[in-house]
Structures are given as C-alpha cells and as structure tokens.
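So this one's entry_31.tsv, TSV, N, CA and C atoms:
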```tsv
chain	number	residue	atom	x	y	z
R	114	MET	N	165.44	218.96	146.32
R	114	MET	CA	166.48	218.27	145.56
R	114	MET	C	167.21	217.35	146.53
R	115	ALA	N	167.27	216.09	146.23
R	115	ALA	CA	167.88	215.10	147.12
R	115	ALA	C	169.39	215.03	146.91
R	116	SER	N	170.09	214.65	147.96
R	116	SER	CA	171.55	214.54	147.86
R	116	SER	C	171.95	213.50	146.82
R	117	THR	N	171.14	212.47	146.63
R	117	THR	CA	171.47	211.47	145.60
R	117	THR	C	171.40	212.09	144.21
R	118	ASP	N	170.48	213.06	144.01
R	118	ASP	CA	170.40	213.76	142.73
R	118	ASP	C	171.66	214.57	142.48
R	119	ILE	N	172.15	215.23	143.52
R	119	ILE	CA	173.36	216.05	143.40
R	119	ILE	C	174.56	215.15	143.10
R	120	SER	N	174.68	214.06	143.82
R	120	SER	CA	175.78	213.12	143.57
R	120	SER	C	175.72	212.57	142.15
R	121	ALA	N	174.52	212.24	141.69
R	121	ALA	CA	174.36	211.72	140.32
R	121	ALA	C	174.73	212.78	139.29
R	122	LEU	N	174.39	214.04	139.56
R	122	LEU	CA	174.74	215.12	138.65
R	122	LEU	C	176.26	215.23	138.50
R	123	PHE	N	176.97	215.25	139.62
R	123	PHE	CA	178.42	215.38	139.55
R	123	PHE	C	179.08	214.13	138.98
R	124	ALA	N	178.50	212.97	139.21
R	124	ALA	CA	179.03	211.74	138.60
R	124	ALA	C	178.88	211.80	137.09
R	125	ALA	N	177.74	212.28	136.61
R	125	ALA	CA	177.53	212.43	135.17
R	125	ALA	C	178.51	213.46	134.60
R	126	TYR	N	178.75	214.53	135.35
R	126	TYR	CA	179.70	215.56	134.92
R	126	TYR	C	181.11	214.97	134.82
R	127	ALA	N	181.53	214.22	135.84
R	127	ALA	CA	182.85	213.59	135.82
R	127	ALA	C	182.96	212.60	134.66
R	128	ASP	N	181.92	211.81	134.42
R	128	ASP	CA	181.93	210.87	133.30
R	128	ASP	C	182.10	211.61	131.97
R	129	ALA	N	181.38	212.70	131.80
R	129	ALA	CA	181.49	213.48	130.57
R	129	ALA	C	182.87	214.11	130.43
R	130	LEU	N	183.44	214.58	131.55
R	130	LEU	CA	184.81	215.12	131.51
R	130	LEU	C	185.80	214.03	131.09
R	131	ASN	N	185.65	212.85	131.68
R	131	ASN	CA	186.58	211.76	131.38
R	131	ASN	C	186.45	211.26	129.95
R	132	ASP	N	185.26	211.41	129.38
R	132	ASP	CA	185.04	211.02	127.98
R	132	ASP	C	185.32	212.17	127.02
R	133	PHE	N	185.68	213.34	127.55
R	133	PHE	CA	185.92	214.54	126.74
R	133	PHE	C	184.73	214.82	125.82
R	134	GLU	N	183.53	214.72	126.39
R	134	GLU	CA	182.28	214.94	125.66
R	134	GLU	C	181.71	216.32	126.02
R	135	ALA	N	182.08	217.31	125.24
R	135	ALA	CA	181.66	218.69	125.53
R	135	ALA	C	180.14	218.82	125.53
R	136	ASP	N	179.46	218.22	124.56
R	136	ASP	CA	178.00	218.33	124.50
R	136	ASP	C	177.34	217.72	125.72
R	137	ALA	N	177.85	216.59	126.20
R	137	ALA	CA	177.29	215.93	127.38
R	137	ALA	C	177.48	216.80	128.63
R	138	ILE	N	178.59	217.51	128.71
R	138	ILE	CA	178.83	218.42	129.83
R	138	ILE	C	177.82	219.55	129.79
R	139	VAL	N	177.69	220.18	128.64
R	139	VAL	CA	176.79	221.32	128.49
R	139	VAL	C	175.34	220.93	128.78
R	140	ASP	N	174.97	219.71	128.42
R	140	ASP	CA	173.60	219.24	128.66
R	140	ASP	C	173.24	219.18	130.13
R	141	LEU	N	174.21	219.21	131.02
R	141	LEU	CA	173.97	219.14	132.46
R	141	LEU	C	173.64	220.50	133.08
R	142	PHE	N	173.75	221.57	132.31
R	142	PHE	CA	173.56	222.92	132.82
R	142	PHE	C	172.19	223.48	132.48
R	143	ALA	N	171.70	224.35	133.36
R	143	ALA	CA	170.51	225.17	133.09
R	143	ALA	C	171.01	226.55	132.66
R	144	PHE	N	170.20	227.25	131.93
R	144	PHE	CA	170.60	228.57	131.42
R	144	PHE	C	169.56	229.61	131.77
R	145	PRO	N	170.05	230.85	131.98
R	145	PRO	CA	171.44	231.28	132.01
R	145	PRO	C	172.13	230.76	133.28
R	146	ASN	N	173.46	230.75	133.25
R	146	ASN	CA	174.21	230.34	134.43
R	146	ASN	C	175.47	231.17	134.56
R	147	THR	N	176.04	231.12	135.73
R	147	THR	CA	177.31	231.81	136.00
R	147	THR	C	178.30	230.77	136.49
R	148	ILE	N	179.48	230.77	135.88
R	148	ILE	CA	180.55	229.88	136.29
R	148	ILE	C	181.73	230.75	136.71
R	149	TRP	N	182.25	230.43	137.90
R	149	TRP	CA	183.38	231.18	138.43
R	149	TRP	C	184.68	230.51	138.00
R	150	GLN	N	185.54	231.28	137.35
R	150	GLN	CA	186.86	230.81	136.94
R	150	GLN	C	187.87	231.89	137.27
R	151	PHE	N	188.92	231.49	137.97
R	151	PHE	CA	190.01	232.40	138.30
R	151	PHE	C	189.50	233.67	138.99
R	152	GLY	N	188.52	233.49	139.90
R	152	GLY	CA	188.02	234.60	140.68
R	152	GLY	C	187.06	235.55	139.96
R	153	LYS	N	186.60	235.16	138.77
R	153	LYS	CA	185.71	236.03	138.01
R	153	LYS	C	184.50	235.22	137.54
R	154	GLY	N	183.32	235.79	137.69
R	154	GLY	CA	182.10	235.14	137.23
R	154	GLY	C	181.87	235.37	135.75
R	155	HIS	N	181.59	234.29	135.03
R	155	HIS	CA	181.30	234.36	133.60
R	155	HIS	C	179.87	233.90	133.40
R	156	VAL	N	179.06	234.75	132.77
R	156	VAL	CA	177.65	234.45	132.54
R	156	VAL	C	177.51	233.85	131.14
R	157	PHE	N	176.82	232.71	131.08
R	157	PHE	CA	176.55	232.04	129.83
R	157	PHE	C	175.04	232.04	129.61
R	158	ALA	N	174.59	232.69	128.55
R	158	ALA	CA	173.17	232.85	128.28
R	158	ALA	C	172.53	231.58	127.73
R	159	ASP	N	173.33	230.80	127.00
R	159	ASP	CA	172.76	229.60	126.37
R	159	ASP	C	173.84	228.56	126.15
R	160	SER	N	173.42	227.40	125.64
R	160	SER	CA	174.35	226.28	125.49
R	160	SER	C	175.47	226.57	124.49
R	161	ASP	N	175.19	227.36	123.46
R	161	ASP	CA	176.24	227.68	122.49
R	161	ASP	C	177.39	228.45	123.12
R	162	GLU	N	177.05	229.41	123.99
R	162	GLU	CA	178.09	230.18	124.68
R	162	GLU	C	178.92	229.28	125.59
R	163	LEU	N	178.25	228.40	126.33
R	163	LEU	CA	178.96	227.53	127.25
R	163	LEU	C	179.79	226.49	126.50
R	164	LEU	N	179.29	225.99	125.39
R	164	LEU	CA	180.00	224.97	124.63
R	164	LEU	C	181.39	225.45	124.22
R	165	GLU	N	181.49	226.68	123.80
R	165	GLU	CA	182.80	227.24	123.42
R	165	GLU	C	183.76	227.19	124.60
R	166	ASN	N	183.29	227.55	125.77
R	166	ASN	CA	184.12	227.54	126.97
R	166	ASN	C	184.52	226.12	127.35
R	167	VAL	N	183.57	225.19	127.30
R	167	VAL	CA	183.85	223.80	127.66
R	167	VAL	C	184.85	223.18	126.69
R	168	GLU	N	184.70	223.46	125.42
R	168	GLU	CA	185.66	222.92	124.43
R	168	GLU	C	187.07	223.44	124.70
R	169	ALA	N	187.19	224.71	125.08
R	169	ALA	CA	188.50	225.27	125.43
R	169	ALA	C	189.06	224.60	126.68
R	170	LEU	N	188.19	224.34	127.66
R	170	LEU	CA	188.61	223.66	128.88
R	170	LEU	C	189.11	222.25	128.58
R	171	LEU	N	188.37	221.51	127.77
R	171	LEU	CA	188.78	220.14	127.42
R	171	LEU	C	190.09	220.15	126.63
R	172	SER	N	190.28	221.13	125.79
R	172	SER	CA	191.54	221.26	125.06
R	172	SER	C	192.71	221.51	126.02
R	173	ALA	N	192.47	222.33	127.03
R	173	ALA	CA	193.51	222.60	128.03
R	173	ALA	C	193.81	221.33	128.82
R	174	PHE	N	192.78	220.56	129.18
R	174	PHE	CA	193.00	219.30	129.88
R	174	PHE	C	193.82	218.34	129.02
R	175	ASP	N	193.49	218.26	127.75
R	175	ASP	CA	194.21	217.38	126.84
R	175	ASP	C	195.68	217.80	126.75
R	176	SER	N	195.93	219.08	126.63
R	176	SER	CA	197.31	219.59	126.56
R	176	SER	C	198.09	219.32	127.83
R	177	ALA	N	197.38	219.28	128.96
R	177	ALA	CA	198.02	219.02	130.26
R	177	ALA	C	198.08	217.54	130.60
R	178	ASP	N	197.65	216.68	129.66
R	178	ASP	CA	197.66	215.23	129.84
R	178	ASP	C	196.71	214.74	130.92
R	179	VAL	N	195.64	215.49	131.20
R	179	VAL	CA	194.62	215.05	132.14
R	179	VAL	C	193.78	213.98	131.45
R	180	VAL	N	193.66	212.81	132.07
R	180	VAL	CA	192.83	211.75	131.49
R	180	VAL	C	191.70	211.32	132.43
R	181	THR	N	191.84	211.64	133.72
R	181	THR	CA	190.82	211.26	134.68
R	181	THR	C	190.53	212.42	135.61
R	182	SER	N	189.25	212.73	135.75
R	182	SER	CA	188.78	213.72	136.72
R	182	SER	C	187.84	213.01	137.67
R	183	SER	N	188.09	213.15	138.96
R	183	SER	CA	187.21	212.53	139.95
R	183	SER	C	186.88	213.56	141.01
R	184	PHE	N	185.76	213.32	141.70
R	184	PHE	CA	185.32	214.29	142.68
R	184	PHE	C	184.98	213.62	143.99
R	185	HIS	N	184.95	214.45	145.02
R	185	HIS	CA	184.46	214.04	146.33
R	185	HIS	C	183.50	215.13	146.78
R	186	LEU	N	182.29	214.74	147.16
R	186	LEU	CA	181.30	215.67	147.66
R	186	LEU	C	181.63	215.96	149.12
R	187	ASP	N	182.21	217.14	149.39
R	187	ASP	CA	182.67	217.49	150.74
R	187	ASP	C	181.53	217.90	151.65
R	188	SER	N	180.62	218.69	151.12
R	188	SER	CA	179.47	219.12	151.92
R	188	SER	C	178.32	219.42	150.98
R	189	LEU	N	177.11	219.28	151.53
R	189	LEU	CA	175.92	219.50	150.73
R	189	LEU	C	174.80	220.00	151.62
R	190	HIS	N	174.16	221.06	151.16
R	190	HIS	CA	172.98	221.57	151.86
R	190	HIS	C	171.85	221.66	150.86
R	191	CYS	N	170.80	220.88	151.10
R	191	CYS	CA	169.61	220.87	150.25
R	191	CYS	C	168.42	221.29	151.10
R	192	PRO	N	167.94	222.52	150.94
R	192	PRO	CA	166.76	222.93	151.71
R	192	PRO	C	165.57	222.03	151.37
R	193	GLU	N	164.69	221.85	152.33
R	193	GLU	CA	163.53	220.99	152.11
R	193	GLU	C	162.56	221.57	151.10
R	194	THR	N	162.56	222.89	150.93
R	194	THR	CA	161.72	223.52	149.93
R	194	THR	C	162.60	224.26	148.94
R	195	GLY	N	162.10	224.47	147.76
R	195	GLY	CA	162.86	225.18	146.73
R	195	GLY	C	163.59	224.23	145.83
R	196	SER	N	164.30	224.81	144.90
R	196	SER	CA	164.99	223.99	143.90
R	196	SER	C	166.48	224.32	143.83
R	197	SER	N	167.05	224.69	144.95
R	197	SER	CA	168.48	225.01	144.96
R	197	SER	C	169.20	224.13	145.97
R	198	ALA	N	170.50	224.10	145.80
R	198	ALA	CA	171.35	223.35	146.73
R	198	ALA	C	172.70	224.05	146.74
R	199	HIS	N	173.45	223.81	147.81
R	199	HIS	CA	174.81	224.33	147.90
R	199	HIS	C	175.72	223.15	148.17
R	200	ALA	N	176.67	222.93	147.26
R	200	ALA	CA	177.59	221.82	147.39
R	200	ALA	C	179.03	222.32	147.35
R	201	THR	N	179.87	221.70	148.14
R	201	THR	CA	181.31	221.94	148.07
R	201	THR	C	181.93	220.64	147.56
R	202	ILE	N	182.65	220.75	146.46
R	202	ILE	CA	183.20	219.58	145.76
R	202	ILE	C	184.72	219.72	145.68
R	203	SER	N	185.44	218.64	145.95
R	203	SER	CA	186.89	218.59	145.72
R	203	SER	C	187.12	217.76	144.46
R	204	TRP	N	187.93	218.28	143.58
R	204	TRP	CA	188.25	217.58	142.33
R	204	TRP	C	189.71	217.19	142.31
R	205	THR	N	189.99	216.05	141.71
R	205	THR	CA	191.36	215.59	141.46
R	205	THR	C	191.45	215.21	139.99
R	206	GLN	N	192.52	215.63	139.35
R	206	GLN	CA	192.75	215.26	137.96
R	206	GLN	C	194.09	214.55	137.85
R	207	GLU	N	194.07	213.43	137.13
R	207	GLU	CA	195.27	212.59	137.02
R	207	GLU	C	195.64	212.35	135.57
R	208	ASP	N	196.91	211.99	135.39
R	208	ASP	CA	197.37	211.60	134.06
R	208	ASP	C	197.19	210.10	133.86
R	209	ALA	N	197.64	209.57	132.75
R	209	ALA	CA	197.44	208.16	132.41
R	209	ALA	C	198.12	207.21	133.40
R	210	GLU	N	199.17	207.68	134.09
R	210	GLU	CA	199.86	206.85	135.07
R	210	GLU	C	199.25	206.95	136.46
R	211	GLY	N	198.19	207.74	136.61
R	211	GLY	CA	197.55	207.91	137.91
R	211	GLY	C	198.19	208.98	138.78
R	212	GLU	N	199.10	209.76	138.23
R	212	GLU	CA	199.74	210.83	138.99
R	212	GLU	C	198.79	212.03	139.05
R	213	THR	N	198.63	212.57	140.25
R	213	THR	CA	197.77	213.74	140.41
R	213	THR	C	198.42	214.96	139.77
R	214	LEU	N	197.68	215.56	138.85
R	214	LEU	CA	198.15	216.76	138.17
R	214	LEU	C	197.55	218.03	138.79
R	215	HIS	N	196.28	217.93	139.19
R	215	HIS	CA	195.58	219.07	139.79
R	215	HIS	C	194.68	218.55	140.91
R	216	ALA	N	194.64	219.29	141.99
R	216	ALA	CA	193.69	219.02	143.07
R	216	ALA	C	193.13	220.37	143.49
R	217	PHE	N	191.83	220.47	143.41
R	217	PHE	CA	191.20	221.76	143.75
R	217	PHE	C	189.80	221.52	144.27
```
What do you get writing this file as structure tokens?
Amino acid sequence: MASTDISALFAAYADALNDFEADAIVDLFAFPNTIWQFGKGHVFADSDELLENVEALLSAFDSADVVTSSFHLDSLHCPETGSSAHATISWTQEDAEGETLHAF
C-alpha cells in the first residue's frame, strides 16, 4: 500500500466529513472493523452498523457547529509486503469563521 493511497484515503474521508455524507464515509471502510472512541474499541460487522454511528457523529458535529475537518498525516509506515499500514493523523475541526473547535 503506497503512501499516496493512504493520503488519498484520508482526503476522501475529510471530503465526505465536510460534505456531511454519511454513506460516502462508510464506503471508505472494510468490514468488519474496529473504531476506537473514548478509549473503547467498537466493532462494526457491516456498513449498516457503522452508518448508524457515523450519522450520530455527523449530528454531533452539526450541533457543535463544525463545518470543516482537515487532517495532517504525521507519520506513516507501509510495509513492502502485506496489505496493512500504520498512520498517525492529526485532525482539526473548525467553525464557519475558521475558529478551531477541536484538535486531536
């Protein structure tokens, strides 16, 4: 898996977040998957399970006035063989005035 593929994946994810397109976000995932939230792993067996979670997340973003999510790829390790990668991503979320609401 090339680093350009990883960057493109997160760019597509950020675009879908910014468009509040839950289906487009879910389409970026393989199943089953585990997503860590608040220190706990949540396993999603299929797209229907994840869609409910993503819709709740987008609703929370809307309530918090988040309009832009952007990322920076801090580190990336792509082994030459296999189909896995390890990425560390920093996210920033801003309101309509460009004020940072969340950085994580």
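Of note, atom N of Gly154 of chain R and atom N of Ala115 of chain R are spaced 26.8 Å apart.
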Write out as a CSV table (one decimal) with N, CA and C atoms, in the coordinates of the input the set of residues from chain R that DSSP, computed on the backbone, places in strand (DSSP E).
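File produced: out.csv:
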```csv
chain,number,residue,atom,x,y,z
R,146,ASN,N,173.5,230.8,133.2
R,146,ASN,CA,174.2,230.3,134.4
R,146,ASN,C,175.5,231.2,134.6
R,147,THR,N,176.0,231.1,135.7
R,147,THR,CA,177.3,231.8,136.0
R,147,THR,C,178.3,230.8,136.5
R,148,ILE,N,179.5,230.8,135.9
R,148,ILE,CA,180.6,229.9,136.3
R,148,ILE,C,181.7,230.8,136.7
R,149,TRP,N,182.2,230.4,137.9
R,149,TRP,CA,183.4,231.2,138.4
R,149,TRP,C,184.7,230.5,138.0
R,150,GLN,N,185.5,231.3,137.4
R,150,GLN,CA,186.9,230.8,136.9
R,150,GLN,C,187.9,231.9,137.3
R,153,LYS,N,186.6,235.2,138.8
R,153,LYS,CA,185.7,236.0,138.0
R,153,LYS,C,184.5,235.2,137.5
R,154,GLY,N,183.3,235.8,137.7
R,154,GLY,CA,182.1,235.1,137.2
R,154,GLY,C,181.9,235.4,135.8
R,155,HIS,N,181.6,234.3,135.0
R,155,HIS,CA,181.3,234.4,133.6
R,155,HIS,C,179.9,233.9,133.4
R,156,VAL,N,179.1,234.8,132.8
R,156,VAL,CA,177.6,234.4,132.5
R,156,VAL,C,177.5,233.8,131.1
R,157,PHE,N,176.8,232.7,131.1
R,157,PHE,CA,176.6,232.0,129.8
R,157,PHE,C,175.0,232.0,129.6
R,181,THR,N,191.8,211.6,133.7
R,181,THR,CA,190.8,211.3,134.7
R,181,THR,C,190.5,212.4,135.6
R,182,SER,N,189.2,212.7,135.8
R,182,SER,CA,188.8,213.7,136.7
R,182,SER,C,187.8,213.0,137.7
R,183,SER,N,188.1,213.2,139.0
R,183,SER,CA,187.2,212.5,140.0
R,183,SER,C,186.9,213.6,141.0
R,184,PHE,N,185.8,213.3,141.7
R,184,PHE,CA,185.3,214.3,142.7
R,184,PHE,C,185.0,213.6,144.0
R,185,HIS,N,185.0,214.4,145.0
R,185,HIS,CA,184.5,214.0,146.3
R,185,HIS,C,183.5,215.1,146.8
R,186,LEU,N,182.3,214.7,147.2
R,186,LEU,CA,181.3,215.7,147.7
R,186,LEU,C,181.6,216.0,149.1
R,187,ASP,N,182.2,217.1,149.4
R,187,ASP,CA,182.7,217.5,150.7
R,187,ASP,C,181.5,217.9,151.6
R,188,SER,N,180.6,218.7,151.1
R,188,SER,CA,179.5,219.1,151.9
R,188,SER,C,178.3,219.4,151.0
R,189,LEU,N,177.1,219.3,151.5
R,189,LEU,CA,175.9,219.5,150.7
R,189,LEU,C,174.8,220.0,151.6
R,190,HIS,N,174.2,221.1,151.2
R,190,HIS,CA,173.0,221.6,151.9
R,190,HIS,C,171.8,221.7,150.9
R,199,HIS,N,173.4,223.8,147.8
R,199,HIS,CA,174.8,224.3,147.9
R,199,HIS,C,175.7,223.2,148.2
R,200,ALA,N,176.7,222.9,147.3
R,200,ALA,CA,177.6,221.8,147.4
R,200,ALA,C,179.0,222.3,147.4
R,201,THR,N,179.9,221.7,148.1
R,201,THR,CA,181.3,221.9,148.1
R,201,THR,C,181.9,220.6,147.6
R,202,ILE,N,182.6,220.8,146.5
R,202,ILE,CA,183.2,219.6,145.8
R,202,ILE,C,184.7,219.7,145.7
R,203,SER,N,185.4,218.6,146.0
R,203,SER,CA,186.9,218.6,145.7
R,203,SER,C,187.1,217.8,144.5
R,204,TRP,N,187.9,218.3,143.6
R,204,TRP,CA,188.2,217.6,142.3
R,204,TRP,C,189.7,217.2,142.3
R,205,THR,N,190.0,216.0,141.7
R,205,THR,CA,191.4,215.6,141.5
R,205,THR,C,191.4,215.2,140.0
R,206,GLN,N,192.5,215.6,139.4
R,206,GLN,CA,192.8,215.3,138.0
R,206,GLN,C,194.1,214.6,137.8
R,207,GLU,N,194.1,213.4,137.1
R,207,GLU,CA,195.3,212.6,137.0
R,207,GLU,C,195.6,212.4,135.6
R,213,THR,N,198.6,212.6,140.2
R,213,THR,CA,197.8,213.7,140.4
R,213,THR,C,198.4,215.0,139.8
R,214,LEU,N,197.7,215.6,138.8
R,214,LEU,CA,198.2,216.8,138.2
R,214,LEU,C,197.6,218.0,138.8
R,215,HIS,N,196.3,217.9,139.2
R,215,HIS,CA,195.6,219.1,139.8
R,215,HIS,C,194.7,218.6,140.9
R,216,ALA,N,194.6,219.3,142.0
R,216,ALA,CA,193.7,219.0,143.1
R,216,ALA,C,193.1,220.4,143.5
```
| remark: What separates atom CA of Asn166 of chain R and atom CA of Ala135 of chain R is a distance of 9.3 Å
| Which residues in chain R does DSSP call alpha helix (DSSP H)? List them as a PyMOL selection string. | chain R and resi 116-131+135-139+160-176
| field | R:Phe184, R:Phe123, R:Phe217, R:Phe157 ranked by distance to Leu141 of chain R, top pick (using only C-alpha atoms) | value | R:Phe123
| task | Find the residues near His190 of chain R: any atom within 6 Å, counting only N, CA and C atoms, skip ones fewer than 4 places away on the same chain, and give them as an NGL selection string. | result | :R and (198-200)
| remark: atom C of Leu122 of chain R sits from atom CA of Gln150 of chain R at a separation of 18.9 Å
| request: Can you pull out every residue within 8 Å of Thr201 of chain R, counting all atoms listed in the file, but drop anything in the same chain fewer than 3 positions away, and send it as a list in words? | output: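 My list of contacting residues is His185, Leu186, Asp187, Ser188, Leu189, His190, Ala198 and Trp204 of chain R.
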| note | One residue among R:Leu130, R:Ala143, R:Val179, R:Ala209 is nearest to Ala158 of chain R when using only C-alpha atoms, and that residue is R:Ala143
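Nearest residue to Cys191 of chain R, choosing from R:Tyr126, R:Val156, R:Ser116, R:Asn146 and counting only N, CA and C atoms: R:Ser116.
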Padding 8 Å on each side, edges along x, y and z: where is the centre of the box around the listed atoms of segment 179-195 of chain R, and how long are its edges in Å to one decimal? Output it as lines of an AutoDock Vina configuration file.
```
center_x = 178.7
center_y = 218.2
center_z = 141.8
size_x = 49.9
size_y = 29.9
size_z = 37.1
```
| said: Given all atoms listed in the file as the basis, pick out the residue of R:Ala177, R:Ser172, R:Ser203, R:His215 nearest to Phe133 of chain R. | reply: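 Ranked by minimum distance to Phe133 of chain R, first place goes to R:Ser172.
With distances restricted to all atoms listed in the file, R:Ser160 is the closest residue to Asp140 of chain R from R:Ser160, R:Glu168, R:Asp178, R:Leu214.
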